[in-house]
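Shown next: entry.txt, given as compact mmCIF, C-alpha atoms (C1' of nucleotides).
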```txt
# COMPACT_ATOMS: atom_id res chain seq x y z
CA MET A 99 111.28 259.61 81.06
CA GLU A 100 110.56 255.93 81.08
CA ARG A 101 107.22 255.02 82.59
CA GLN A 102 106.80 252.17 85.08
CA ILE A 103 103.64 250.23 84.24
CA LEU A 104 102.00 247.12 85.70
CA HIS A 105 99.02 245.16 84.38
CA VAL A 106 97.17 243.00 86.90
CA ASP A 107 94.94 240.28 85.45
CA VAL A 108 92.85 237.92 87.60
CA ASN A 109 93.31 234.26 86.62
CA ASN A 110 90.01 232.63 85.60
CA ALA A 111 88.24 235.53 87.29
CA PHE A 112 84.60 234.44 87.26
CA LEU A 113 85.34 230.83 88.10
CA SER A 114 87.83 231.72 90.87
CA TRP A 115 85.52 234.26 92.43
CA SER A 116 82.54 231.90 92.33
CA ALA A 117 84.77 229.20 93.86
CA ILE A 118 85.80 231.41 96.79
CA ASP A 119 82.24 232.54 97.36
CA MET A 120 80.99 228.97 97.41
CA LEU A 121 83.72 227.91 99.85
CA GLU A 122 82.87 230.80 102.15
CA ASN A 123 79.25 229.68 102.06
CA GLY A 124 80.13 226.20 103.25
CA SER A 125 80.72 224.36 99.99
CA GLU A 126 82.78 221.20 100.36
CA ILE A 127 84.30 221.42 96.89
CA ASP A 128 86.55 223.97 95.28
CA ILE A 129 85.28 224.22 91.68
CA ARG A 130 88.77 225.35 90.63
CA THR A 131 89.91 221.75 91.19
CA ILE A 132 87.21 219.92 89.16
CA PRO A 133 86.04 220.02 85.53
CA ALA A 134 83.80 223.09 85.83
CA ILE A 135 82.72 226.18 83.95
CA ILE A 136 80.76 229.36 84.57
CA GLY A 137 78.09 229.66 81.90
CA GLY A 138 74.67 230.91 80.92
CA ASP A 139 71.36 229.09 80.72
CA GLU A 140 71.12 226.64 77.83
CA SER A 141 67.34 226.40 78.09
CA LYS A 142 67.15 230.17 77.55
CA ARG A 143 69.54 229.93 74.59
CA SER A 144 72.21 231.94 76.37
CA GLY A 145 74.44 228.97 76.99
CA ILE A 146 78.03 229.94 76.38
CA VAL A 147 81.19 229.39 78.42
CA LEU A 148 82.21 232.50 80.40
CA ALA A 149 85.07 230.93 82.36
CA LYS A 150 86.64 227.49 82.77
CA SER A 151 88.63 225.61 85.39
CA PRO A 152 92.14 224.39 84.46
CA ILE A 153 90.86 220.80 84.14
CA ALA A 154 88.01 221.94 81.89
CA LYS A 155 90.60 223.81 79.83
CA SER A 156 92.67 220.65 79.48
CA PHE A 157 89.67 219.09 77.71
CA GLY A 158 89.94 221.79 75.04
CA ILE A 159 87.08 223.93 76.30
CA VAL A 160 87.41 227.57 75.29
CA THR A 161 85.71 230.73 76.52
CA GLY A 162 82.78 231.79 74.36
CA GLU A 163 81.89 228.38 72.97
CA PRO A 164 78.42 226.87 73.45
CA ILE A 165 78.02 224.87 76.65
CA TYR A 166 76.61 222.10 74.48
CA PHE A 167 80.03 221.71 72.81
CA ALA A 168 81.86 221.98 76.11
CA LYS A 169 79.82 219.11 77.55
CA LYS A 170 80.62 216.93 74.53
CA LYS A 171 84.33 217.60 75.00
CA CYS A 172 84.15 216.88 78.70
CA PRO A 173 81.42 214.50 79.93
CA GLY A 174 80.61 215.17 83.57
CA LEU A 175 81.40 218.84 83.23
CA GLN A 176 79.80 220.89 86.02
CA VAL A 177 78.13 224.13 84.96
CA PHE A 178 77.61 227.04 87.37
CA ARG A 179 75.74 230.27 86.84
CA GLY A 180 77.66 233.56 87.22
CA ASP A 181 76.78 236.24 89.78
CA PHE A 182 77.95 239.71 88.82
CA GLU A 183 77.19 241.24 92.20
CA ILE A 184 79.71 238.87 93.75
CA TYR A 185 82.20 239.60 90.98
CA HIS A 186 81.96 243.34 91.52
CA ASN A 187 82.68 242.81 95.21
CA TYR A 188 85.88 240.90 94.52
CA SER A 189 86.87 243.38 91.83
CA ASN A 190 86.56 246.18 94.39
CA LYS A 191 88.64 244.26 96.94
CA LEU A 192 91.43 243.92 94.39
CA TYR A 193 91.20 247.58 93.42
CA ASN A 194 91.43 248.69 97.06
CA LEU A 195 94.53 246.57 97.60
CA LEU A 196 96.16 248.03 94.48
CA LEU A 197 95.39 251.57 95.66
CA GLU A 198 98.02 251.03 98.38
CA TYR A 199 100.67 251.11 95.64
CA THR A 200 99.72 254.06 93.41
CA ASP A 201 97.05 256.69 92.88
CA VAL A 202 97.06 256.14 89.12
CA ILE A 203 95.00 253.02 88.38
CA GLU A 204 92.87 252.36 85.32
CA ARG A 205 90.12 249.79 85.79
CA PHE A 206 90.28 248.29 82.34
CA SER A 207 87.57 245.70 83.02
CA ILE A 208 86.04 243.90 85.97
CA ASP A 209 89.16 241.73 86.31
CA GLU A 210 92.00 243.85 84.89
CA CYS A 211 93.82 246.96 86.10
CA PHE A 212 96.68 249.05 84.79
CA LEU A 213 98.93 250.70 87.39
CA ASP A 214 101.22 253.64 86.63
CA MET A 215 103.95 253.25 89.25
CA THR A 216 106.02 256.15 87.88
CA GLY A 217 106.80 258.36 90.87
CA PHE A 218 105.35 255.84 93.34
CA LEU A 219 108.25 253.37 93.50
CA ARG A 220 110.14 255.13 96.31
CA GLY A 221 113.38 253.50 95.27
CA ARG A 222 111.92 250.01 94.89
CA ASP A 223 112.32 247.80 91.83
CA LEU A 224 109.23 247.55 89.59
CA LYS A 225 109.34 243.77 89.32
CA GLU A 226 109.79 243.41 93.06
CA VAL A 227 106.56 245.39 93.58
CA ALA A 228 104.80 243.19 91.02
CA CYS A 229 105.86 240.08 92.93
CA GLU A 230 104.64 241.57 96.20
CA ILE A 231 101.22 242.34 94.65
CA ASN A 232 101.02 238.80 93.27
CA LYS A 233 101.82 237.35 96.72
CA ARG A 234 99.55 239.65 98.71
CA VAL A 235 96.50 239.08 96.49
CA LYS A 236 96.92 235.33 96.88
CA GLU A 237 97.37 235.47 100.67
CA GLU A 238 94.83 238.15 101.49
CA LEU A 239 92.14 237.71 98.83
CA HIS A 240 92.54 233.95 98.13
CA PHE A 241 92.63 234.15 94.34
CA THR A 242 95.60 234.48 91.99
CA VAL A 243 96.65 237.11 89.48
CA ASN A 244 99.19 237.43 86.70
CA VAL A 245 101.16 240.67 86.74
CA GLY A 246 102.79 242.11 83.61
CA VAL A 247 105.78 244.43 84.11
CA ALA A 248 106.77 246.91 81.36
CA HIS A 249 107.28 250.51 80.33
CA ASN A 250 103.91 250.95 78.63
CA LYS A 251 100.38 249.55 78.84
CA LEU A 252 100.50 247.41 75.71
CA LEU A 253 103.64 245.54 76.76
CA ALA A 254 102.43 245.16 80.35
CA LYS A 255 99.20 243.64 79.05
CA MET A 256 101.02 241.32 76.66
CA ALA A 257 103.31 240.25 79.53
CA SER A 258 100.47 239.40 81.89
CA ASP A 259 99.12 237.11 79.16
CA PHE A 260 102.25 234.93 79.14
CA GLU A 261 102.30 231.69 81.14
CA LYS A 262 99.42 231.41 83.63
CA PRO A 263 98.34 231.20 86.37
CA ASP A 264 99.90 233.02 89.33
CA LYS A 265 102.93 234.43 87.49
CA VAL A 266 104.87 237.68 87.13
CA HIS A 267 106.40 238.42 83.71
CA THR A 268 108.45 241.33 82.39
CA LEU A 269 108.37 242.57 78.80
CA PHE A 270 110.94 245.31 78.38
CA GLU A 271 112.02 246.72 75.03
CA ASN A 272 115.17 244.56 74.91
CA GLU A 273 113.01 241.44 75.40
CA LEU A 274 110.66 242.04 72.45
CA GLU A 275 112.52 239.79 70.06
CA THR A 276 112.73 236.78 72.35
CA LYS A 277 109.43 237.06 74.21
CA MET A 278 106.95 238.63 71.78
CA TRP A 279 108.12 238.43 68.18
CA THR A 280 108.04 234.63 68.24
CA LEU A 281 104.29 234.57 69.05
CA GLN A 282 101.51 234.03 66.51
CA THR A 283 99.82 237.19 65.22
CA SER A 284 96.58 236.17 66.98
CA GLU A 285 98.33 236.77 70.32
CA LEU A 286 98.73 240.50 69.67
CA PHE A 287 96.22 242.73 71.45
CA MET A 288 93.53 243.98 69.02
CA LEU A 289 94.24 241.32 66.41
CA GLY A 290 91.10 239.24 66.11
CA ARG A 291 89.77 236.36 64.07
CA LYS A 292 89.02 238.46 60.97
CA THR A 293 92.46 240.03 60.60
CA VAL A 294 94.64 236.99 61.28
CA PRO A 295 93.71 235.14 58.02
CA LYS A 296 94.27 238.32 56.00
CA LEU A 297 97.76 238.61 57.46
CA LEU A 298 98.38 234.95 56.71
CA ASN A 299 97.60 235.68 53.07
CA MET A 300 100.41 238.22 53.16
CA GLN A 301 102.80 235.56 54.58
CA ILE A 302 102.65 237.28 57.98
CA ARG A 303 102.55 234.62 60.68
CA THR A 304 104.21 236.00 63.80
CA ILE A 305 104.18 239.28 65.67
CA GLY A 306 107.81 239.63 64.54
CA ASP A 307 106.62 239.40 60.91
CA ILE A 308 104.27 242.33 61.57
CA ALA A 309 107.05 244.33 63.21
CA LYS A 310 109.32 243.87 60.19
CA THR A 311 106.62 244.66 57.61
CA ASP A 312 106.62 248.16 56.10
CA LYS A 313 104.26 250.28 58.15
CA MET A 314 102.86 251.90 55.01
CA VAL A 315 101.94 248.51 53.53
CA LEU A 316 99.91 247.71 56.63
CA ALA A 317 98.39 251.21 56.69
CA LYS A 318 97.29 250.88 53.09
CA LYS A 319 95.72 247.48 53.65
CA PHE A 320 94.16 247.99 57.11
CA GLY A 321 93.92 251.76 57.58
CA LYS A 322 94.38 253.05 61.12
CA HIS A 323 94.16 249.52 62.42
CA GLY A 324 97.20 248.63 60.29
CA GLN A 325 99.29 251.45 61.71
CA MET A 326 98.28 250.46 65.21
CA MET A 327 99.21 246.80 64.76
CA TRP A 328 102.64 247.83 63.46
CA GLU A 329 103.21 250.06 66.47
CA TYR A 330 102.00 247.37 68.90
CA ALA A 331 104.22 244.74 67.25
CA ASN A 332 107.16 247.10 67.75
CA GLY A 333 106.23 247.69 71.38
CA ILE A 334 105.14 251.28 70.83
CA ASP A 335 102.26 252.62 72.95
CA ASN A 336 102.15 256.08 74.47
CA SER A 337 98.61 255.93 75.86
CA PRO A 338 98.39 257.08 79.47
CA VAL A 339 96.99 255.08 82.37
CA ASN A 340 93.60 256.77 82.68
CA ASN A 341 92.40 256.83 86.27
CA LYS A 342 89.40 259.05 85.63
CA VAL A 343 85.99 257.37 85.77
CA GLU A 344 84.46 258.26 82.43
CA LEU A 345 80.79 258.65 81.66
CA PRO A 346 79.50 256.12 79.12
CA LYS A 347 79.24 257.15 75.46
CA SER A 348 76.33 254.81 74.82
CA ILE A 349 73.96 252.73 76.94
CA GLY A 350 72.24 249.65 75.62
CA ASN A 351 70.51 246.45 76.60
CA SER A 352 69.73 243.43 74.50
CA VAL A 353 68.13 240.07 75.08
CA THR A 354 68.21 236.70 73.37
CA LEU A 355 64.69 235.30 73.47
CA PRO A 356 63.99 231.75 74.75
CA SER A 357 62.32 231.11 71.38
CA ASP A 358 62.17 233.03 68.11
CA LEU A 359 59.62 235.84 67.78
CA LYS A 360 57.61 235.75 64.58
CA SER A 361 55.65 239.00 64.49
CA ILE A 362 56.02 242.64 65.38
CA ALA A 363 53.31 242.19 68.01
CA GLU A 364 55.56 239.73 69.82
CA ILE A 365 58.56 242.05 69.58
CA HIS A 366 56.83 245.15 70.94
CA PRO A 367 56.65 244.09 74.61
CA VAL A 368 60.36 243.22 74.49
CA VAL A 369 61.14 246.73 73.28
CA VAL A 370 59.04 248.17 76.12
CA ALA A 371 61.06 246.25 78.70
CA LEU A 372 64.35 247.26 77.07
CA ALA A 373 63.32 250.94 76.91
CA GLU A 374 62.57 250.88 80.64
CA LYS A 375 65.95 249.36 81.41
CA VAL A 376 67.87 251.75 79.17
CA GLY A 377 65.92 254.79 80.39
CA TYR A 378 66.52 253.83 84.00
CA ARG A 379 70.27 253.49 83.48
CA LEU A 380 70.39 256.74 81.52
CA ARG A 381 68.70 258.65 84.35
CA LYS A 382 70.94 257.00 86.93
CA TYR A 383 73.94 258.57 85.19
CA LYS A 384 72.03 261.88 84.86
CA LEU A 385 72.52 261.75 81.10
CA VAL A 386 70.25 262.48 78.15
CA ALA A 387 70.43 260.86 74.71
CA LYS A 388 70.01 262.22 71.20
CA VAL A 389 69.98 258.98 69.21
CA VAL A 390 68.04 255.73 69.57
CA ASN A 391 69.26 252.51 67.94
CA VAL A 392 67.32 249.25 67.55
CA GLN A 393 69.08 245.99 66.77
CA LEU A 394 67.56 242.71 65.58
CA ARG A 395 69.17 239.32 65.13
CA THR A 396 67.42 236.77 62.93
CA LYS A 397 67.22 233.06 63.66
CA ASP A 398 70.06 232.67 61.11
CA PHE A 399 72.29 234.98 63.14
CA VAL A 400 72.10 237.91 60.77
CA ASP A 401 72.33 241.20 62.67
CA TYR A 402 70.93 244.48 61.47
CA SER A 403 70.21 247.80 63.11
CA HIS A 404 68.59 251.16 62.47
CA GLN A 405 68.93 254.46 64.26
CA LYS A 406 67.12 257.76 64.42
CA HIS A 407 67.66 261.14 66.04
CA LEU A 408 65.32 262.18 68.81
CA PRO A 409 63.67 265.60 68.31
CA PHE A 410 65.44 266.72 71.52
CA ALA A 411 67.88 265.17 73.96
CA THR A 412 65.98 263.22 76.58
CA SER A 413 66.11 260.48 79.20
CA SER A 414 62.37 259.85 79.11
CA THR A 415 61.45 256.20 78.76
CA LYS A 416 58.31 257.21 76.89
CA GLU A 417 60.20 259.25 74.28
CA ILE A 418 62.82 256.56 73.78
CA LEU A 419 60.13 253.92 73.45
CA LYS A 420 58.13 256.00 70.99
CA LEU A 421 61.08 256.41 68.64
CA ALA A 422 62.19 252.80 69.12
CA ASN A 423 58.76 251.64 67.98
CA GLU A 424 58.94 253.89 64.90
CA ILE A 425 62.33 252.44 64.04
CA LEU A 426 61.11 248.89 64.59
CA ASP A 427 58.14 249.44 62.28
CA ILE A 428 60.48 250.66 59.53
CA MET A 429 63.10 247.94 59.84
CA TYR A 430 61.18 244.76 60.67
CA LYS A 431 60.86 242.47 57.66
CA ASN A 432 58.67 239.59 58.92
CA GLU A 433 61.57 237.41 59.93
CA SER A 434 62.02 235.09 62.88
CA ILE A 435 63.86 237.12 65.48
CA ARG A 436 66.27 235.67 68.01
CA LEU A 437 67.60 238.81 69.69
CA VAL A 438 66.26 242.32 70.25
CA GLY A 439 68.52 245.18 71.34
CA LEU A 440 67.97 248.83 72.19
CA ARG A 441 70.69 251.39 72.74
CA VAL A 442 70.97 255.15 73.09
CA ASP A 443 73.87 257.14 71.65
CA ASP A 444 75.21 260.71 71.57
CA LEU A 445 74.87 261.11 75.31
CA GLU A 446 75.17 264.42 77.11
CA SER A 447 75.11 265.47 80.71
CA GLU A 448 71.57 266.32 81.82
CA ASP A 449 72.48 269.71 83.25
CA GLU A 450 74.43 270.85 80.19
CA VAL A 451 71.31 270.59 78.11
CA GLN A 452 68.87 273.40 77.77
CA LEU A 453 65.58 271.86 78.75
CA SER A 454 62.93 272.57 76.20
CA MET A 455 59.28 272.74 77.13
CA PHE A 456 58.85 269.24 75.85
CA SER A 457 61.94 267.68 77.31
CA SER A 458 62.10 265.51 80.35
CA GLY A 459 62.86 268.13 82.99
CA ASN A 460 59.44 269.45 83.83
CA SER A 461 56.83 267.12 82.47
CA LYS A 462 54.44 264.62 83.97
CA GLN A 463 56.45 261.97 82.18
CA SER A 464 59.48 262.90 84.25
CA ASN A 465 57.50 262.35 87.43
CA LEU A 466 56.34 258.96 86.18
CA ASP A 467 59.94 258.01 85.37
CA LYS A 468 61.05 259.14 88.83
CA THR A 469 58.32 257.12 90.50
CA LEU A 470 59.20 254.02 88.55
CA ASP A 471 62.92 254.56 89.19
CA GLU A 472 62.26 254.60 92.93
CA ILE A 473 60.44 251.29 92.67
CA THR A 474 63.31 249.85 90.67
CA ASN A 475 65.81 251.11 93.25
CA ARG A 476 63.86 249.43 96.04
CA PHE A 477 62.84 246.18 94.41
CA GLY A 478 65.42 245.76 91.67
CA VAL A 479 64.94 245.66 87.94
CA THR A 480 61.89 243.61 87.01
CA SER A 481 60.14 242.83 83.79
CA ILE A 482 56.85 244.22 84.99
CA THR A 483 55.39 246.62 82.44
CA ARG A 484 54.94 250.30 83.10
CA ALA A 485 51.21 250.12 83.71
CA SER A 486 51.38 247.29 86.19
CA ARG A 487 54.36 248.82 87.97
CA LEU A 488 52.42 251.99 88.49
CA ASN A 489 49.70 249.96 90.17
CA ILE A 490 52.23 248.47 92.54
CA LYS A 491 53.35 251.94 93.52
CA LEU A 492 49.82 253.12 94.12
CA ASN A 493 49.00 250.10 96.24
CA ASN A 494 52.17 250.61 98.16
CA LYS A 495 51.27 254.20 98.90
CA LYS A 496 47.86 253.16 100.11
CA GLU A 497 49.34 250.73 102.58
CA LYS A 498 51.64 253.40 103.90
CA ASN A 499 48.79 255.80 104.45
CA GLU A 500 46.80 253.20 106.29
CA VAL A 501 49.61 252.48 108.74
C1' DT B 151 74.85 221.31 66.57
C1' DC B 152 74.71 225.91 68.73
C1' DT B 153 76.39 230.31 68.90
C1' DG B 154 75.70 236.22 75.73
C1' DG B 155 75.71 240.90 76.74
C1' DG B 156 78.06 245.10 77.56
C1' DG B 157 80.79 248.35 75.24
C1' DT B 158 84.31 251.52 71.83
C1' DC B 159 86.09 252.86 67.60
C1' DC B 160 86.47 252.94 62.58
C1' DT B 161 84.92 252.96 57.70
C1' DA B 162 82.22 253.20 53.51
C1' DG B 163 78.73 255.25 51.11
C1' DG B 164 74.91 258.44 50.45
C1' DA B 165 72.80 263.06 50.98
C1' DC B 166 73.52 267.60 50.78
C1' DC B 167 75.87 272.06 50.32
C1' DC B 168 78.97 275.47 48.22
C1' DT C 232 75.31 265.45 26.30
C1' DC C 233 78.53 265.09 29.60
C1' DT C 234 79.92 266.78 33.36
C1' DG C 235 84.29 269.34 39.23
C1' DG C 236 85.78 268.83 43.77
C1' DG C 237 85.69 269.76 48.40
C1' DG C 238 83.52 269.42 52.89
C1' DT C 239 80.23 267.83 56.59
C1' DC C 240 76.79 265.03 58.50
C1' DC C 241 74.40 260.83 58.92
C1' DT C 242 73.67 255.86 58.81
C1' DA C 243 74.68 250.90 58.72
C1' DG C 244 77.77 247.60 59.51
C1' DG C 245 82.00 245.53 61.07
C1' DA C 246 86.04 244.53 64.08
C1' DC C 247 87.61 244.17 68.41
C1' DC C 248 87.69 244.02 73.56
C1' DC C 249 86.27 241.70 78.28
```
Any chance you could give the structure as structure tokens?
Amino acid sequence: MERQILHVDVNNAFLSWSAIDMLENGSEIDIRTIPAIIGGDESKRSGIVLAKSPIAKSFGIVTGEPIYFAKKKCPGLQVFRGDFEIYHNYSNKLYNLLLEYTDVIERFSIDECFLDMTGFLRGRDLKEVACEINKRVKEELHFTVNVGVAHNKLLAKMASDFEKPDKVHTLFENELETKMWTLQTSELFMLGRKTVPKLLNMQIRTIGDIAKTDKMVLAKKFGKHGQMMWEYANGIDNSPVNNKVELPKSIGNSVTLPSDLKSIAEIHPVVVALAEKVGYRLRKYKLVAKVVNVQLRTKDFVDYSHQKHLPFATSSTKEILKLANEILDIMYKNESIRLVGLRVDDLESEDEVQLSMFSSGNSKQSNLDKTLDEITNRFGVTSITRASRLNIKLNNKKEKNEV
DNA sequence: TCTGGGGTCCTAGGACCC
DNA sequence: TCTGGGGTCCTAGGACCC
């Protein structure tokens, strides 16, 4: 049976949501109507464009480019910092509105949802529902969305990417040739900047060219990716709308430093802070990890990483840190380092793991982690080191006792 | 001239075993 | 001296997404 799928995509999500928030807090200007972007902090070397207003876009500014470039393209450009707490709030408001239409919603990202309307239409037309969602979001939540209407996720997503903003588009199988095959290959989902030039070398310029190429030729050249792009170009996608909230398969944090680090002694404290962050998040999910991975980026933008297995699955900050330091000692080659990253892999649920005598379940270390986690829960994530954070806790306790 | 941070999935090559 | 063929596991790196 044919499935009835919608893809809802917030237009200029971060910029729109910041705009609404500022208006609600008494701002006189709507940053959606001026040359504006949401971006990072240039002085901390994290200055890239995360979202742009339509006027900023008309100056040729693209998402992901350095703010420095954006300013050159558009003198007078206003730059605003993002706030992910606010964004999560608006994302939840959208999700709750969509829940009125179907139980089967996949939150694909903070600003995108897939809806499986199969069995929830109650005699209504799929496109009519899409138009109603588009209208209600605008009227009730004060931002706009594009809605893609199709019979599978891939085509719904491609449809929502057509003309923006505030539009509803269909992409049914009989519309492939006119609406999708004419587009450049770069427009196809999962075709990125590395693959497009390779296709061009094969005289493949449009999505239609991919669709008409022998699937085996693409499979031979690009492996699984090649088979997938052929299927996508032909509008084939049987993946279900997954409404289950899945546990993460890896947890990592990384940081670009305000200036390059030039010795292992300078890198160590960064790894400590990252291990605390990663350990905290791991314990929040009640997961344990078996693999630790350290990533470095040199001043010349060369990335490299090393990983090692932990002796036992754990969520202990101390154990993760210990192995991370071992890895760092092995891999560091006296270069100038721009970014340090730490991630844990091969995650398992805490209670599915047999706790060994040394593992995190019954040790002093576990109590220390718990204590520090409580502080983090109360005061938020800080960059205070473990030793000094423990002091805060002790002082805190003292005050309590005195009261 | 400057280039974020969070992820998932795939692949190639080496080590090791039978 | 010249020399197999699977299979699995592990690691590093790359491509892509938002």
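Atom CA of A:Val370 lies 16.0 Å from atom CA of A:Tyr430.
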Near stretch 239-245 of chain C, 10 Å: chain B residue rows, closest pairs, all atoms listed in the file, as a tab-separated table:
```
residue	atom	partner	partner_atom	distance
B:DC160	C1'	C:DG245	C1'	8.8
B:DT161	C1'	C:DG245	C1'	8.7
B:DA162	C1'	C:DG244	C1'	9.3
B:DG163	C1'	C:DT242	C1'	9.2
B:DG164	C1'	C:DC241	C1'	8.8
B:DA165	C1'	C:DC241	C1'	8.4
B:DC166	C1'	C:DC240	C1'	8.8
B:DC167	C1'	C:DT239	C1'	8.7
```
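With all atoms listed in the file as the basis for measurement, A:Asp401 is the residue among A:Asp307, A:Glu374, A:Asp401, A:Glu433 that approaches chain C most closely.
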(request) Taking all atoms listed in the file into account, report as a ChimeraX atom specification which residues of chain A lie within 10 Å of chain C. (result) /A:206-210,287-293,323,401-407
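Atom CA of A:Tyr188 is positioned 24.3 Å from atom CA of A:Asn351.
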(message) Can you measure atom CA of A:Lys388 to atom CA of A:Leu437 for me? One decimal in Å is fine.
(response) 23.6 Å
(request) May I have the residues within 8 Å of A:Asn109 as a list in words, using all atoms listed in the file and disregarding those fewer than 5 positions away in the same chain? (result) Ser114, Phe241, Thr242, Val243, Asn244, Lys262, Pro263 and Asp264 of chain A
(message) Taking (94.6, 245.1, 93.4) as a centre in this file's frame and 8 Å as the limit, can you find every polymer residue with an atom that close, using only C-alpha atoms (C1' of nucleotides), and give them as an MDAnalysis selection string?
(response) chainID A and resid 106 191:197 211 231 235
(request) Please provide as a VMD selection string all residues within 7 Å of A:Ser348, with the sequence filter that same-chain residues fewer than 6 positions apart are discarded (counting all atoms listed in the file). (result) chain A and resid 441 to 445
Save out the residues we just selected, C-alpha atoms, as a JSON list (two decimals), in the coordinates of the input.
```json
[["chain", "number", "residue", "atom", "x", "y", "z"],
["A", 441, "ARG", "CA", 70.69, 251.39, 72.74],
["A", 442, "VAL", "CA", 70.97, 255.15, 73.09],
["A", 443, "ASP", "CA", 73.87, 257.14, 71.65],
["A", 444, "ASP", "CA", 75.21, 260.71, 71.57],
["A", 445, "LEU", "CA", 74.87, 261.11, 75.31]]
```
Box for stretch 234-246 of chain C - axis-aligned, 8 Å on each of the six sides, all listed atoms - centre and size in Å to one decimal, as JSON.
```
{"center_x": 79.9, "center_y": 257.1, "center_z": 48.7, "size_x": 28.4, "size_y": 41.2, "size_z": 46.7}
```
(request) Would you list the contacts of stretch 125-137 of chain A as a PyMOL selection string, taking every protein, DNA or RNA residue within 10 Å and counting only C-alpha atoms (C1' of nucleotides), but skipping same-chain residues closer than 2 positions in sequence? (result) (chain A and resi 110+112-123+139-140+144-157+159-165+168-169+172-181) or (chain B and resi 154)
Grab stretch 204-244 of chain A from that structure and dump C-alpha atoms to a file, as a JSON list (two decimals), in the first residue's frame.
```json
[["chain", "number", "residue", "atom", "x", "y", "z"],
["A", 204, "GLU", "CA", 10.48, 11.15, 13.24],
["A", 205, "ARG", "CA", 12.44, 14.12, 14.57],
["A", 206, "PHE", "CA", 15.12, 14.15, 11.91],
["A", 207, "SER", "CA", 16.90, 17.20, 13.33],
["A", 208, "ILE", "CA", 16.11, 20.21, 15.49],
["A", 209, "ASP", "CA", 14.18, 21.81, 12.62],
["A", 210, "GLU", "CA", 12.94, 18.89, 10.50],
["A", 211, "CYS", "CA", 10.28, 16.23, 11.01],
["A", 212, "PHE", "CA", 8.94, 13.36, 8.93],
["A", 213, "LEU", "CA", 5.26, 12.48, 9.40],
["A", 214, "ASP", "CA", 3.75, 9.15, 8.37],
["A", 215, "MET", "CA", 0.11, 10.06, 7.74],
["A", 216, "THR", "CA", -0.81, 6.56, 6.50],
["A", 217, "GLY", "CA", -3.89, 5.56, 8.46],
["A", 218, "PHE", "CA", -4.26, 9.02, 10.02],
["A", 219, "LEU", "CA", -5.85, 10.87, 7.10],
["A", 220, "ARG", "CA", -9.47, 10.03, 7.98],
["A", 221, "GLY", "CA", -10.56, 10.60, 4.42],
["A", 222, "ARG", "CA", -8.68, 13.87, 3.99],
["A", 223, "ASP", "CA", -6.32, 14.67, 1.12],
["A", 224, "LEU", "CA", -2.60, 14.55, 2.00],
["A", 225, "LYS", "CA", -1.78, 17.88, 0.37],
["A", 226, "GLU", "CA", -4.73, 19.55, 2.07],
["A", 227, "VAL", "CA", -3.32, 18.44, 5.45],
["A", 228, "ALA", "CA", 0.11, 19.77, 4.45],
["A", 229, "CYS", "CA", -1.40, 23.16, 3.64],
["A", 230, "GLU", "CA", -3.23, 23.23, 6.96],
["A", 231, "ILE", "CA", 0.02, 22.49, 8.85],
["A", 232, "ASN", "CA", 1.80, 25.22, 6.91],
["A", 233, "LYS", "CA", -0.96, 27.72, 7.78],
["A", 234, "ARG", "CA", -1.31, 26.74, 11.42],
["A", 235, "VAL", "CA", 2.42, 26.91, 12.16],
["A", 236, "LYS", "CA", 2.55, 30.41, 10.70],
["A", 237, "GLU", "CA", -0.52, 31.64, 12.62],
["A", 238, "GLU", "CA", 0.08, 29.91, 15.92],
["A", 239, "LEU", "CA", 3.88, 29.74, 16.20],
["A", 240, "HIS", "CA", 4.81, 32.84, 14.12],
["A", 241, "PHE", "CA", 7.45, 31.21, 11.93],
["A", 242, "THR", "CA", 7.12, 29.55, 8.54],
["A", 243, "VAL", "CA", 7.76, 26.03, 7.28],
["A", 244, "ASN", "CA", 8.03, 24.29, 3.94]]
```
